[in-house]
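target00.cif follows (mmCIF, C-alpha atoms):
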```cif
data_query
loop_
_atom_site.label_atom_id
_atom_site.label_comp_id
_atom_site.auth_asym_id
_atom_site.auth_seq_id
_atom_site.Cartn_x
_atom_site.Cartn_y
_atom_site.Cartn_z
CA MET A 1 -5.58 45.66 -15.50
CA THR A 2 -2.15 46.67 -14.20
CA SER A 3 -0.47 46.86 -10.83
CA THR A 4 2.81 47.65 -9.15
CA LEU A 5 3.04 43.96 -8.35
CA THR A 6 5.52 42.35 -10.75
CA PRO A 7 6.25 38.73 -11.72
CA SER A 8 9.83 39.78 -12.37
CA ALA A 9 11.68 43.02 -12.01
CA GLY A 10 10.30 45.88 -14.07
CA GLU A 11 7.29 44.01 -15.54
CA PRO A 12 3.81 45.12 -14.44
CA ILE A 13 1.18 42.42 -14.14
CA ARG A 14 -1.60 42.31 -16.73
CA HIS A 15 -4.22 39.61 -16.77
CA GLY A 16 -5.14 38.20 -20.17
CA LEU A 17 -4.18 35.61 -22.74
CA ARG A 18 -2.74 38.10 -25.21
CA GLU A 19 -0.77 39.94 -22.52
CA ASN A 20 0.82 36.70 -21.26
CA TRP A 21 0.95 34.62 -24.43
CA GLN A 22 4.62 33.65 -24.09
CA GLN A 23 4.34 32.17 -20.59
CA PHE A 24 0.93 30.72 -21.42
CA SER A 25 2.30 29.02 -24.54
CA LEU A 26 5.20 27.54 -22.59
CA LEU A 27 2.76 26.13 -20.03
CA VAL A 28 0.66 24.61 -22.84
CA LEU A 29 3.79 22.94 -24.24
CA ILE A 30 4.83 21.66 -20.82
CA ASN A 31 1.37 20.21 -20.26
CA ALA A 32 1.70 18.37 -23.56
CA PHE A 33 4.75 16.59 -22.14
CA VAL A 34 2.76 15.88 -18.95
CA GLY A 35 0.01 14.25 -21.01
CA ALA A 36 2.48 12.28 -23.10
CA MET A 37 3.75 10.57 -19.95
CA ILE A 38 0.31 8.98 -19.49
CA GLY A 39 -0.14 8.32 -23.19
CA MET A 40 2.92 6.09 -23.43
CA GLU A 41 1.09 3.59 -21.15
CA ARG A 42 -2.32 3.92 -22.69
CA SER A 43 -2.33 1.34 -25.47
CA ILE A 44 0.11 -1.27 -24.21
CA LEU A 45 0.21 -1.59 -20.40
CA PRO A 46 -2.90 -3.83 -20.10
CA LEU A 47 -1.39 -6.09 -22.77
CA LEU A 48 1.97 -6.00 -20.97
CA ALA A 49 0.20 -7.23 -17.84
CA GLU A 50 -1.21 -10.24 -19.70
CA GLN A 51 1.71 -11.17 -21.92
CA GLU A 52 4.81 -10.49 -19.81
CA PHE A 53 3.56 -10.75 -16.22
CA ALA A 54 0.68 -13.26 -16.63
CA VAL A 55 -1.75 -10.97 -14.77
CA LEU A 56 -5.04 -12.33 -16.08
CA ALA A 57 -7.68 -11.26 -13.54
CA HIS A 58 -9.13 -7.93 -14.64
CA THR A 59 -9.20 -6.52 -11.10
CA ALA A 60 -5.49 -7.24 -10.68
CA MET A 61 -4.69 -6.02 -14.18
CA LEU A 62 -6.40 -2.69 -13.56
CA SER A 63 -4.56 -2.24 -10.26
CA PHE A 64 -2.01 -0.04 -12.05
CA ILE A 65 -4.80 2.46 -12.81
CA ALA A 66 -6.08 2.24 -9.22
CA VAL A 67 -2.71 3.10 -7.65
CA PHE A 68 -2.20 5.82 -10.25
CA GLY A 69 -5.59 7.33 -9.45
CA ILE A 70 -5.17 7.20 -5.67
CA SER A 71 -1.71 8.78 -5.69
CA LYS A 72 -2.77 11.41 -8.25
CA ALA A 73 -5.95 12.28 -6.36
CA ILE A 74 -4.14 12.86 -3.07
CA THR A 75 -1.35 14.79 -4.76
CA ASN A 76 -3.84 16.97 -6.65
CA TYR A 77 -5.24 18.17 -3.34
CA LEU A 78 -1.81 18.81 -1.86
CA ALA A 79 -0.62 20.57 -5.03
CA GLY A 80 -3.48 23.04 -4.90
CA HIS A 81 -3.05 23.59 -1.16
CA PHE A 82 0.70 24.19 -1.29
CA SER A 83 0.60 26.22 -4.50
CA ASP A 84 -1.56 28.77 -2.66
CA ARG A 85 1.03 28.98 0.10
CA SER A 86 4.41 28.29 -1.46
CA GLY A 87 3.94 29.33 -5.08
CA ARG A 88 3.37 27.40 -8.27
CA LYS A 89 6.74 26.96 -9.97
CA THR A 90 8.40 24.99 -7.17
CA ILE A 91 5.56 22.45 -7.20
CA LEU A 92 5.83 22.11 -10.98
CA VAL A 93 9.57 21.41 -10.92
CA ILE A 94 9.27 18.90 -8.07
CA GLY A 95 6.63 17.05 -10.09
CA TRP A 96 9.02 16.57 -13.00
CA TRP A 97 11.81 15.27 -10.75
CA ILE A 98 9.41 12.65 -9.38
CA ALA A 99 8.57 11.57 -12.94
CA ALA A 100 12.22 10.99 -13.86
CA PRO A 101 12.46 7.29 -12.80
CA VAL A 102 9.15 6.26 -14.43
CA PRO A 103 10.33 5.43 -18.00
CA PHE A 104 13.22 3.34 -16.65
CA LEU A 105 10.93 1.42 -14.28
CA LEU A 106 8.50 0.65 -17.11
CA MET A 107 11.34 -0.51 -19.37
CA TRP A 108 13.12 -2.79 -16.92
CA ALA A 109 10.59 -3.75 -14.20
CA PRO A 110 11.23 -7.39 -13.18
CA SER A 111 7.73 -7.87 -11.73
CA TRP A 112 4.24 -6.36 -11.80
CA ALA A 113 4.89 -4.80 -8.37
CA TRP A 114 7.53 -2.57 -9.97
CA ILE A 115 5.00 -1.47 -12.59
CA LEU A 116 2.62 -0.53 -9.77
CA PHE A 117 5.38 1.47 -8.08
CA ALA A 118 6.08 3.28 -11.34
CA ASN A 119 2.42 4.24 -11.53
CA VAL A 120 2.45 5.55 -7.96
CA LEU A 121 5.29 7.87 -8.99
CA LEU A 122 3.50 8.75 -12.22
CA GLY A 123 0.33 9.62 -10.30
CA ILE A 124 2.23 11.86 -7.87
CA SER A 125 4.02 13.56 -10.74
CA GLN A 126 0.81 14.08 -12.71
CA GLY A 127 -0.92 15.52 -9.67
CA LEU A 128 1.83 18.07 -9.16
CA THR A 129 2.53 19.02 -12.77
CA TRP A 130 -0.91 18.98 -14.40
CA SER A 131 -2.63 20.66 -11.43
CA THR A 132 0.00 23.38 -11.31
CA THR A 133 -0.11 24.18 -15.03
CA ILE A 134 -3.89 24.58 -14.72
CA ILE A 135 -3.62 26.92 -11.76
CA MET A 136 -0.88 28.94 -13.47
CA LYS A 137 -2.92 29.42 -16.63
CA ILE A 138 -5.97 30.54 -14.64
CA ASP A 139 -3.70 32.98 -12.79
CA LEU A 140 -2.44 34.46 -16.05
CA VAL A 141 -5.68 34.93 -17.98
CA GLY A 142 -7.95 36.27 -15.26
CA ALA A 143 -11.72 35.85 -15.22
CA LYS A 144 -12.60 36.62 -18.83
CA ASN A 145 -10.99 33.72 -20.67
CA ARG A 146 -10.98 30.83 -18.18
CA GLY A 147 -12.88 28.48 -20.47
CA LEU A 148 -10.55 29.21 -23.39
CA ALA A 149 -7.50 28.78 -21.15
CA MET A 150 -8.72 25.40 -19.90
CA GLY A 151 -9.65 24.33 -23.42
CA LEU A 152 -6.12 25.04 -24.65
CA ASN A 153 -4.58 23.39 -21.59
CA GLU A 154 -6.58 20.18 -21.90
CA PHE A 155 -6.22 20.24 -25.70
CA ALA A 156 -2.44 20.08 -25.35
CA GLY A 157 -2.52 17.45 -22.62
CA TYR A 158 -4.91 15.03 -24.28
CA ILE A 159 -3.65 15.46 -27.82
CA ALA A 160 -0.32 14.41 -26.36
CA VAL A 161 -1.97 11.46 -24.58
CA GLY A 162 -3.42 10.29 -27.90
CA LEU A 163 -0.29 10.85 -29.97
CA ALA A 164 1.90 9.11 -27.40
CA ALA A 165 -0.54 6.17 -27.30
CA LEU A 166 -0.45 6.01 -31.08
CA ALA A 167 3.36 6.17 -31.14
CA THR A 168 3.89 3.52 -28.46
CA GLY A 169 1.33 1.24 -30.11
CA TRP A 170 3.20 1.55 -33.42
CA VAL A 171 6.60 0.97 -31.78
CA ALA A 172 5.28 -2.02 -29.82
CA GLY A 173 3.79 -3.49 -32.99
CA HIS A 174 7.17 -3.36 -34.72
CA TYR A 175 9.69 -3.88 -31.89
CA GLY A 176 7.83 -5.46 -28.96
CA LEU A 177 6.19 -4.27 -25.76
CA ARG A 178 9.48 -3.44 -23.99
CA PRO A 179 11.77 -1.51 -23.77
CA GLN A 180 11.53 0.50 -27.02
CA PRO A 181 8.05 2.06 -26.54
CA PHE A 182 9.19 3.76 -23.32
CA TYR A 183 12.35 5.40 -24.69
CA MET A 184 10.32 8.50 -25.58
CA GLY A 185 9.39 8.92 -21.93
CA ILE A 186 12.98 9.89 -21.15
CA ALA A 187 12.73 12.75 -23.65
CA PHE A 188 9.38 13.89 -22.23
CA VAL A 189 10.80 14.15 -18.71
CA ALA A 190 13.99 15.90 -19.81
CA LEU A 191 12.17 18.54 -21.88
CA GLY A 192 9.47 19.15 -19.27
CA LEU A 193 12.00 19.55 -16.47
CA LEU A 194 14.27 21.89 -18.43
CA LEU A 195 11.45 24.17 -19.59
CA SER A 196 9.87 24.30 -16.13
CA THR A 197 13.17 25.09 -14.44
CA LEU A 198 14.68 27.57 -16.87
CA LEU A 199 11.83 29.42 -18.58
CA ILE A 200 8.68 29.36 -16.41
CA ARG A 201 8.07 32.26 -14.03
CA GLU A 202 6.03 32.26 -10.83
CA THR A 203 2.35 33.22 -11.39
CA LYS A 204 1.04 33.55 -7.84
CA PRO A 205 1.36 37.38 -7.99
CA TYR A 206 -1.38 37.31 -10.66
CA ALA A 207 -3.74 35.56 -8.23
CA ASP A 208 -2.75 38.02 -5.50
CA LEU A 209 -3.65 40.88 -7.82
CA GLU A 210 -7.03 39.33 -8.55
CA VAL A 211 -7.69 39.02 -4.81
CA ALA A 212 -6.87 42.73 -4.40
CA GLY A 213 -9.15 43.58 -7.32
CA HIS A 214 -12.17 42.00 -5.63
CA GLY A 215 -12.13 44.70 -2.96
CA ASP A 216 -15.02 44.78 -0.51
CA SER A 217 -17.48 43.23 -3.00
CA GLN A 218 -16.07 39.75 -2.37
CA PRO A 219 -13.66 39.91 0.56
CA ALA A 220 -11.14 37.13 1.01
CA ILE A 221 -12.10 34.72 3.78
CA ALA A 222 -9.42 33.00 5.81
CA LEU A 223 -10.50 29.38 5.49
CA SER A 224 -8.63 26.41 6.86
CA ALA A 225 -7.72 23.52 4.59
CA ARG A 226 -10.46 21.44 6.23
CA GLU A 227 -13.07 24.15 5.71
CA ILE A 228 -12.11 24.55 2.06
CA PHE A 229 -12.35 20.78 1.56
CA ARG A 230 -15.86 20.69 3.03
CA GLN A 231 -17.02 23.77 1.15
CA ALA A 232 -15.65 22.55 -2.17
CA SER A 233 -16.78 18.93 -1.70
CA TRP A 234 -20.40 19.03 -0.53
CA ARG A 235 -21.52 22.20 1.26
CA ASP A 236 -21.84 24.15 -1.98
CA ARG A 237 -24.25 22.15 -4.17
CA ARG A 238 -22.74 23.67 -7.31
CA LEU A 239 -19.28 22.44 -6.37
CA PHE A 240 -20.69 19.04 -5.36
CA ALA A 241 -22.28 18.72 -8.82
CA ILE A 242 -18.97 19.61 -10.46
CA ASN A 243 -17.02 17.15 -8.31
CA GLN A 244 -19.34 14.20 -8.91
CA ALA A 245 -19.28 14.83 -12.66
CA GLY A 246 -15.49 14.98 -12.62
CA LEU A 247 -15.29 11.76 -10.60
CA VAL A 248 -17.58 9.86 -12.96
CA ASN A 249 -15.80 11.28 -16.01
CA ASN A 250 -12.50 9.83 -14.82
CA LEU A 251 -14.24 6.67 -13.66
CA ASN A 252 -15.21 5.99 -17.25
CA ASP A 253 -11.78 7.07 -18.47
CA GLY A 254 -10.15 4.60 -16.07
CA MET A 255 -12.40 1.87 -17.43
CA ALA A 256 -11.55 2.87 -21.02
CA TRP A 257 -7.82 2.92 -20.24
CA GLY A 258 -7.87 -0.54 -18.70
CA LEU A 259 -10.58 -2.48 -20.52
CA PHE A 260 -10.81 -1.05 -24.03
CA PRO A 261 -7.46 -2.57 -25.14
CA VAL A 262 -8.61 -5.92 -23.73
CA LEU A 263 -11.96 -5.57 -25.51
CA PHE A 264 -10.22 -4.74 -28.79
CA ALA A 265 -7.77 -7.63 -28.41
CA ALA A 266 -10.70 -10.01 -27.85
CA ALA A 267 -12.05 -8.79 -31.21
CA HIS A 268 -8.76 -10.08 -32.75
CA LEU A 269 -7.47 -6.64 -33.70
CA LYS A 270 -3.74 -6.19 -34.31
CA LEU A 271 -1.55 -4.32 -31.84
CA THR A 272 -1.16 -1.39 -34.23
CA GLU A 273 -4.96 -1.24 -34.64
CA ILE A 274 -5.43 -1.32 -30.88
CA GLY A 275 -2.97 1.55 -30.57
CA LEU A 276 -4.87 3.53 -33.20
CA LEU A 277 -8.23 3.00 -31.46
CA ALA A 278 -6.73 3.76 -28.04
CA ALA A 279 -5.37 7.02 -29.47
CA LEU A 280 -8.57 8.10 -31.22
CA TYR A 281 -10.61 8.94 -28.13
CA PRO A 282 -8.04 11.22 -26.43
CA ILE A 283 -7.14 12.88 -29.75
CA VAL A 284 -10.79 13.75 -30.44
CA TRP A 285 -11.09 14.82 -26.81
CA GLY A 286 -8.02 17.05 -27.13
CA ILE A 287 -8.92 18.72 -30.43
CA SER A 288 -12.55 19.35 -29.46
CA GLN A 289 -11.53 21.26 -26.35
CA ILE A 290 -10.25 24.11 -28.52
CA PHE A 291 -13.95 24.73 -29.27
CA THR A 292 -15.71 23.57 -26.11
CA GLY A 293 -13.58 25.65 -23.75
CA PRO A 294 -14.42 29.00 -25.40
CA ALA A 295 -18.02 27.83 -25.93
CA SER A 296 -18.44 27.51 -22.17
CA ASP A 297 -17.34 31.15 -21.78
CA ARG A 298 -19.95 32.25 -24.30
CA PHE A 299 -22.91 29.95 -23.68
CA GLY A 300 -22.45 28.92 -20.06
CA ARG A 301 -21.20 25.85 -18.24
CA ARG A 302 -24.31 23.81 -17.38
CA GLY A 303 -25.42 22.73 -20.86
CA LEU A 304 -21.96 21.54 -21.83
CA ILE A 305 -21.52 19.59 -18.60
CA VAL A 306 -24.90 17.84 -18.74
CA GLY A 307 -24.82 17.23 -22.49
CA GLY A 308 -21.21 16.06 -22.31
CA MET A 309 -21.94 13.39 -19.70
CA TRP A 310 -24.86 12.07 -21.77
CA THR A 311 -22.80 12.06 -24.96
CA GLN A 312 -20.08 10.06 -23.19
CA ALA A 313 -22.67 7.55 -22.01
CA VAL A 314 -23.91 6.97 -25.56
CA GLY A 315 -20.35 6.58 -26.88
CA ILE A 316 -19.41 4.04 -24.19
CA ALA A 317 -22.58 2.04 -24.86
CA ILE A 318 -21.80 1.88 -28.59
CA VAL A 319 -18.29 0.57 -27.88
CA ALA A 320 -19.70 -2.02 -25.48
CA VAL A 321 -22.04 -3.61 -28.03
CA SER A 322 -19.95 -3.21 -31.20
CA VAL A 323 -17.65 -5.65 -32.94
CA GLN A 324 -17.10 -3.81 -36.22
CA VAL A 325 -14.29 -1.25 -36.38
CA ALA A 326 -16.53 1.43 -37.92
CA TRP A 327 -18.91 1.28 -34.96
CA LEU A 328 -16.01 1.27 -32.49
CA ILE A 329 -14.67 4.42 -34.15
CA SER A 330 -18.11 6.07 -33.90
CA GLY A 331 -18.40 5.24 -30.21
CA LEU A 332 -14.89 6.44 -29.42
CA PHE A 333 -15.53 9.65 -31.36
CA LEU A 334 -18.65 10.38 -29.30
CA LEU A 335 -16.79 9.55 -26.10
CA GLY A 336 -14.04 12.01 -27.06
CA VAL A 337 -16.49 14.80 -27.94
CA GLY A 338 -18.52 14.27 -24.76
CA THR A 339 -15.42 14.34 -22.60
CA ALA A 340 -14.24 17.52 -24.32
CA MET A 341 -17.57 19.17 -23.53
CA VAL A 342 -17.13 18.38 -19.85
CA TYR A 343 -13.43 18.52 -19.05
CA PRO A 344 -12.39 22.19 -19.46
CA THR A 345 -15.86 23.38 -18.50
CA LEU A 346 -15.74 21.78 -15.05
CA ILE A 347 -12.41 23.40 -14.20
CA ALA A 348 -13.55 26.78 -15.53
CA ALA A 349 -16.70 26.48 -13.39
CA ILE A 350 -14.54 25.97 -10.30
CA GLY A 351 -12.73 29.17 -11.20
CA ASP A 352 -16.09 30.97 -11.50
CA ILE A 353 -17.28 29.90 -8.07
CA ALA A 354 -14.19 29.78 -5.82
CA HIS A 355 -12.67 32.97 -4.42
CA PRO A 356 -9.17 33.69 -5.79
CA SER A 357 -7.71 33.46 -2.27
CA TRP A 358 -8.60 29.73 -2.09
CA ARG A 359 -9.16 28.92 -5.76
CA GLY A 360 -5.96 26.87 -6.06
CA SER A 361 -7.06 24.77 -3.10
CA ALA A 362 -10.57 24.39 -4.56
CA ILE A 363 -9.12 23.16 -7.84
CA GLY A 364 -7.01 20.74 -5.82
CA VAL A 365 -10.13 19.42 -4.05
CA TYR A 366 -11.94 19.03 -7.37
CA ARG A 367 -8.99 17.18 -8.89
CA PHE A 368 -8.81 14.99 -5.76
CA TRP A 369 -12.38 13.82 -6.31
CA ARG A 370 -12.04 13.71 -10.09
CA ASP A 371 -8.95 11.53 -10.10
CA SER A 372 -10.35 9.31 -7.35
CA GLY A 373 -12.54 8.22 -10.24
CA TYR A 374 -9.56 6.46 -11.82
CA ALA A 375 -9.21 4.18 -8.79
CA ILE A 376 -12.97 3.68 -8.38
CA GLY A 377 -13.40 3.02 -12.09
CA ALA A 378 -10.54 0.55 -12.21
CA LEU A 379 -11.75 -1.41 -9.19
CA LEU A 380 -15.45 -1.30 -10.08
CA SER A 381 -15.04 -2.22 -13.74
CA GLY A 382 -12.45 -4.87 -12.86
CA LEU A 383 -14.77 -6.54 -10.36
CA ILE A 384 -17.71 -6.46 -12.77
CA ALA A 385 -15.54 -7.75 -15.62
CA ASP A 386 -14.28 -10.65 -13.49
CA GLY A 387 -17.81 -11.52 -12.38
CA PHE A 388 -19.89 -10.85 -15.48
CA GLY A 389 -17.53 -10.13 -18.38
CA VAL A 390 -15.87 -7.11 -19.92
CA GLN A 391 -18.95 -6.06 -21.90
CA ALA A 392 -21.08 -5.94 -18.75
CA ALA A 393 -18.49 -3.74 -17.05
CA VAL A 394 -18.50 -1.28 -19.95
CA ILE A 395 -22.31 -1.11 -20.02
CA ALA A 396 -22.44 -0.51 -16.25
CA VAL A 397 -20.07 2.43 -16.59
CA ALA A 398 -22.20 3.87 -19.41
CA ILE A 399 -25.23 3.81 -17.09
CA LEU A 400 -23.32 5.52 -14.27
CA THR A 401 -22.16 8.21 -16.67
CA PHE A 402 -25.73 8.90 -17.78
CA LEU A 403 -26.91 9.15 -14.16
CA SER A 404 -24.11 11.61 -13.39
CA GLY A 405 -25.48 13.84 -16.15
CA VAL A 406 -28.92 13.65 -14.51
CA THR A 407 -27.39 14.74 -11.19
CA SER A 408 -25.62 17.67 -12.84
CA ALA A 409 -28.86 18.74 -14.52
CA ARG A 410 -30.63 18.81 -11.15
CA LEU A 411 -27.97 20.61 -9.10
CA LEU A 412 -26.24 23.08 -11.42
CA PRO A 413 -27.90 26.50 -11.79
CA ARG A 414 -29.49 27.34 -15.13
#
```
Represent the supplied structure as structure tokens.
Amino acid sequence: MTSTLTPSAGEPIRHGLRENWQQFSLLVLINAFVGAMIGMERSILPLLAEQEFAVLAHTAMLSFIAVFGISKAITNYLAGHFSDRSGRKTILVIGWWIAAPVPFLLMWAPSWAWILFANVLLGISQGLTWSTTIIMKIDLVGAKNRGLAMGLNEFAGYIAVGLAALATGWVAGHYGLRPQPFYMGIAFVALGLLLSTLLIRETKPYADLEVAGHGDSQPAIALSAREIFRQASWRDRRLFAINQAGLVNNLNDGMAWGLFPVLFAAAHLKLTEIGLLAALYPIVWGISQIFTGPASDRFGRRGLIVGGMWTQAVGIAIVAVSVQVAWLISGLFLLGVGTAMVYPTLIAAIGDIAHPSWRGSAIGVYRFWRDSGYAIGALLSGLIADGFGVQAAVIAVAILTFLSGVTSARLLPR
């Protein structure tokens, strides 16, 4: 498909992965740096809370995930809303500037309150950068390859989460919890900001072209931000099913982020082993999305979403009741595969349902609910862990994840 609309002078717009592979590849690389910013916290921040700041209550310890999730959820919604009105690139660059202080705060924070502030900034930055790279990739590829595009996007992001968790766990095991593990965060910010500023082009004209291509068969409807929020949250049962699955997915990820390192430490594993286990789940998650994203284009979204939630539930349950490393690895592997089945498929499904004129906002609403799961998961699992133990908290989250799959099976069309 071509048009007289141009992303830059003299270049006609063509939707498709092959036609836009250079910009698409740059966005994949940038999203890897976005993911790495979370990964550098993944294996060591719960241990930092215990060992350097004497934060022992699980609810208080997991507060860093709660503030991250709240700030990211709100920013996700705003990023989608403003990207539809002001363009994508500006939002992406602003997100990287907000991330700039985070590595320095993590290295030199004098109190746990400073760590919480760093995670507020990290959540805002993640909401702006990750949301925008998703929207830009969907803009570029058009309708045909949305699942593949999201698979590649989430592959890059979560491979980077896992590798950064592995790297920081190794550095912490050899040099201590601070400041050395966070040095790499400075490089992530610098590279992400430079690439976003100098090489990325605006992609909103691609969405505008898709709106024009719908013609009278699906006319654009001028919806207010409030109307889009309602439509995307609960009025459309398909979108409600997608949102609740996304929320529960990140609820269990928030639990895994905060409690798995504590669970592994209680099993007397070394810091390097904890880093390896913390990295395994997002690495499996990332790699598997290369296959699950395209599979959702070919075989449909519903089966992957429902099956993915149930696979996650089984993986979490295995981790909860295991003490041997081999069983922990098996559970984490299943959790990674199940999450990969769900993650790109949910975003692609939003792209299927939402009109291009408000698709960016719909993705923002979905990511608002999805990343609210971080805060809900952190608070819920922290309260259960304080009252009944860490194992009980993990089992409770496994049950919730299974029930979310049941809800998806009932509400999503066959």
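Across the structure, atom CA of Ser63 of chain A and atom CA of Leu122 of chain A are spaced 13.8 Å apart.
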Can you pull out the residues contacting Gly142 of chain A? Cut-off 9 Å, using only C-alpha atoms, and skip same-chain residues under 5 positions away; I want them as JSON, numbers by chain. {"A": [14, 15, 16, 17, 137, 206, 207, 210]}
Just give me the gap between atom CA of Gly315 of chain A and atom CA of Arg238 of chain A in Å, one decimal is fine. 26.1 Å
What would the selection look like, as number ranges by chain, if the PyMOL selection byres ((chain A and resi 18) around 12) were run on the coordinates I just shared? A: 14-17, 19-25, 140-142, 144-145, 148-149
Taking the file above as input, evaluate the PyMOL selection byres ((chain A and resi 336) around 7) and report the hits as a ChimeraX atom specification. /A:281-282,284-285,332-335,337-340
A:Thr272, A:Ser296, A:Thr197, A:Thr129 ranked by distance to Gly151 of chain A, top pick (using all atoms listed in the file):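 Distance minimum relative to Gly151 of chain A lands on A:Ser296.
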Tell me which protein, DNA and RNA residues are within 12 Å of Met37 of chain A, counting only C-alpha atoms, leaving out same-chain ones fewer than 4 positions away, and put them as a PyMOL selection string. chain A and resi 30-33+41-42+96+99-103+106+118-119+121-123+125-126+129-130+157-165+168+181-192
Spatial neighbours of segment 60-62 of chain A, max dist 9 Å, all atoms listed in the file, sep filter under 6 positions, as a PDB file with C-alpha atoms, in the coordinates of the input:
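File written: part-v3.pdb
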```pdb
ATOM      1  CA  PRO A  46      -2.900  -3.830 -20.100  1.00  0.00           C
ATOM      2  CA  ALA A  49       0.200  -7.230 -17.840  1.00  0.00           C
ATOM      3  CA  GLU A  50      -1.210 -10.240 -19.700  1.00  0.00           C
ATOM      4  CA  GLY A 254     -10.150   4.600 -16.070  1.00  0.00           C
ATOM      5  CA  MET A 255     -12.400   1.870 -17.430  1.00  0.00           C
ATOM      6  CA  TRP A 257      -7.820   2.920 -20.240  1.00  0.00           C
ATOM      7  CA  GLY A 258      -7.870  -0.540 -18.700  1.00  0.00           C
ATOM      8  CA  LEU A 259     -10.580  -2.480 -20.520  1.00  0.00           C
ATOM      9  CA  ALA A 375      -9.210   4.180  -8.790  1.00  0.00           C
ATOM     10  CA  ALA A 378     -10.540   0.550 -12.210  1.00  0.00           C
ATOM     11  CA  LEU A 379     -11.750  -1.410  -9.190  1.00  0.00           C
ATOM     12  CA  SER A 381     -15.040  -2.220 -13.740  1.00  0.00           C
ATOM     13  CA  GLY A 382     -12.450  -4.870 -12.860  1.00  0.00           C
TER      14      GLY A 382
END
```
Since the input has fewer atoms than a full residue there, write segment 335-350 of chain A out with N, CA and C atoms, as an mmCIF file, keeping the file's coordinate frame.
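part-v1.cif written:
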```cif
data_model
loop_
_atom_site.group_PDB
_atom_site.id
_atom_site.type_symbol
_atom_site.label_atom_id
_atom_site.label_comp_id
_atom_site.auth_asym_id
_atom_site.auth_seq_id
_atom_site.Cartn_x
_atom_site.Cartn_y
_atom_site.Cartn_z
ATOM 1 N N LEU A 335 -17.391 9.489 -27.426
ATOM 2 C CA LEU A 335 -16.790 9.550 -26.100
ATOM 3 C C LEU A 335 -15.802 10.712 -26.004
ATOM 4 N N GLY A 336 -14.992 10.905 -27.047
ATOM 5 C CA GLY A 336 -14.040 12.010 -27.060
ATOM 6 C C GLY A 336 -14.727 13.363 -27.061
ATOM 7 N N VAL A 337 -15.765 13.530 -27.888
ATOM 8 C CA VAL A 337 -16.490 14.800 -27.940
ATOM 9 C C VAL A 337 -17.176 15.090 -26.608
ATOM 10 N N GLY A 338 -17.837 14.075 -26.044
ATOM 11 C CA GLY A 338 -18.520 14.270 -24.760
ATOM 12 C C GLY A 338 -17.561 14.651 -23.654
ATOM 13 N N THR A 339 -16.409 14.009 -23.621
ATOM 14 C CA THR A 339 -15.420 14.340 -22.600
ATOM 15 C C THR A 339 -14.885 15.754 -22.796
ATOM 16 N N ALA A 340 -14.702 16.156 -24.042
ATOM 17 C CA ALA A 340 -14.240 17.520 -24.320
ATOM 18 C C ALA A 340 -15.264 18.566 -23.887
ATOM 19 N N MET A 341 -16.542 18.251 -23.989
ATOM 20 C CA MET A 341 -17.570 19.170 -23.530
ATOM 21 C C MET A 341 -17.489 19.388 -22.019
ATOM 22 N N VAL A 342 -17.103 18.352 -21.311
ATOM 23 C CA VAL A 342 -17.130 18.380 -19.850
ATOM 24 C C VAL A 342 -15.814 18.889 -19.252
ATOM 25 N N TYR A 343 -14.694 18.426 -19.765
ATOM 26 C CA TYR A 343 -13.430 18.520 -19.050
ATOM 27 C C TYR A 343 -12.996 19.963 -18.771
ATOM 28 N N PRO A 344 -12.808 20.821 -19.774
ATOM 29 C CA PRO A 344 -12.390 22.190 -19.460
ATOM 30 C C PRO A 344 -13.485 22.994 -18.786
ATOM 31 N N THR A 345 -14.744 22.630 -19.058
ATOM 32 C CA THR A 345 -15.860 23.380 -18.500
ATOM 33 C C THR A 345 -15.947 23.213 -16.996
ATOM 34 N N LEU A 346 -15.703 22.013 -16.496
ATOM 35 C CA LEU A 346 -15.740 21.780 -15.050
ATOM 36 C C LEU A 346 -14.686 22.608 -14.328
ATOM 37 N N ILE A 347 -13.478 22.640 -14.858
ATOM 38 C CA ILE A 347 -12.410 23.400 -14.200
ATOM 39 C C ILE A 347 -12.703 24.897 -14.265
ATOM 40 N N ALA A 348 -13.187 25.370 -15.415
ATOM 41 C CA ALA A 348 -13.550 26.780 -15.530
ATOM 42 C C ALA A 348 -14.656 27.137 -14.545
ATOM 43 N N ALA A 349 -15.608 26.227 -14.337
ATOM 44 C CA ALA A 349 -16.700 26.480 -13.390
ATOM 45 C C ALA A 349 -16.175 26.607 -11.969
ATOM 46 N N ILE A 350 -15.172 25.808 -11.609
ATOM 47 C CA ILE A 350 -14.540 25.970 -10.300
ATOM 48 C C ILE A 350 -13.965 27.371 -10.174
#
```
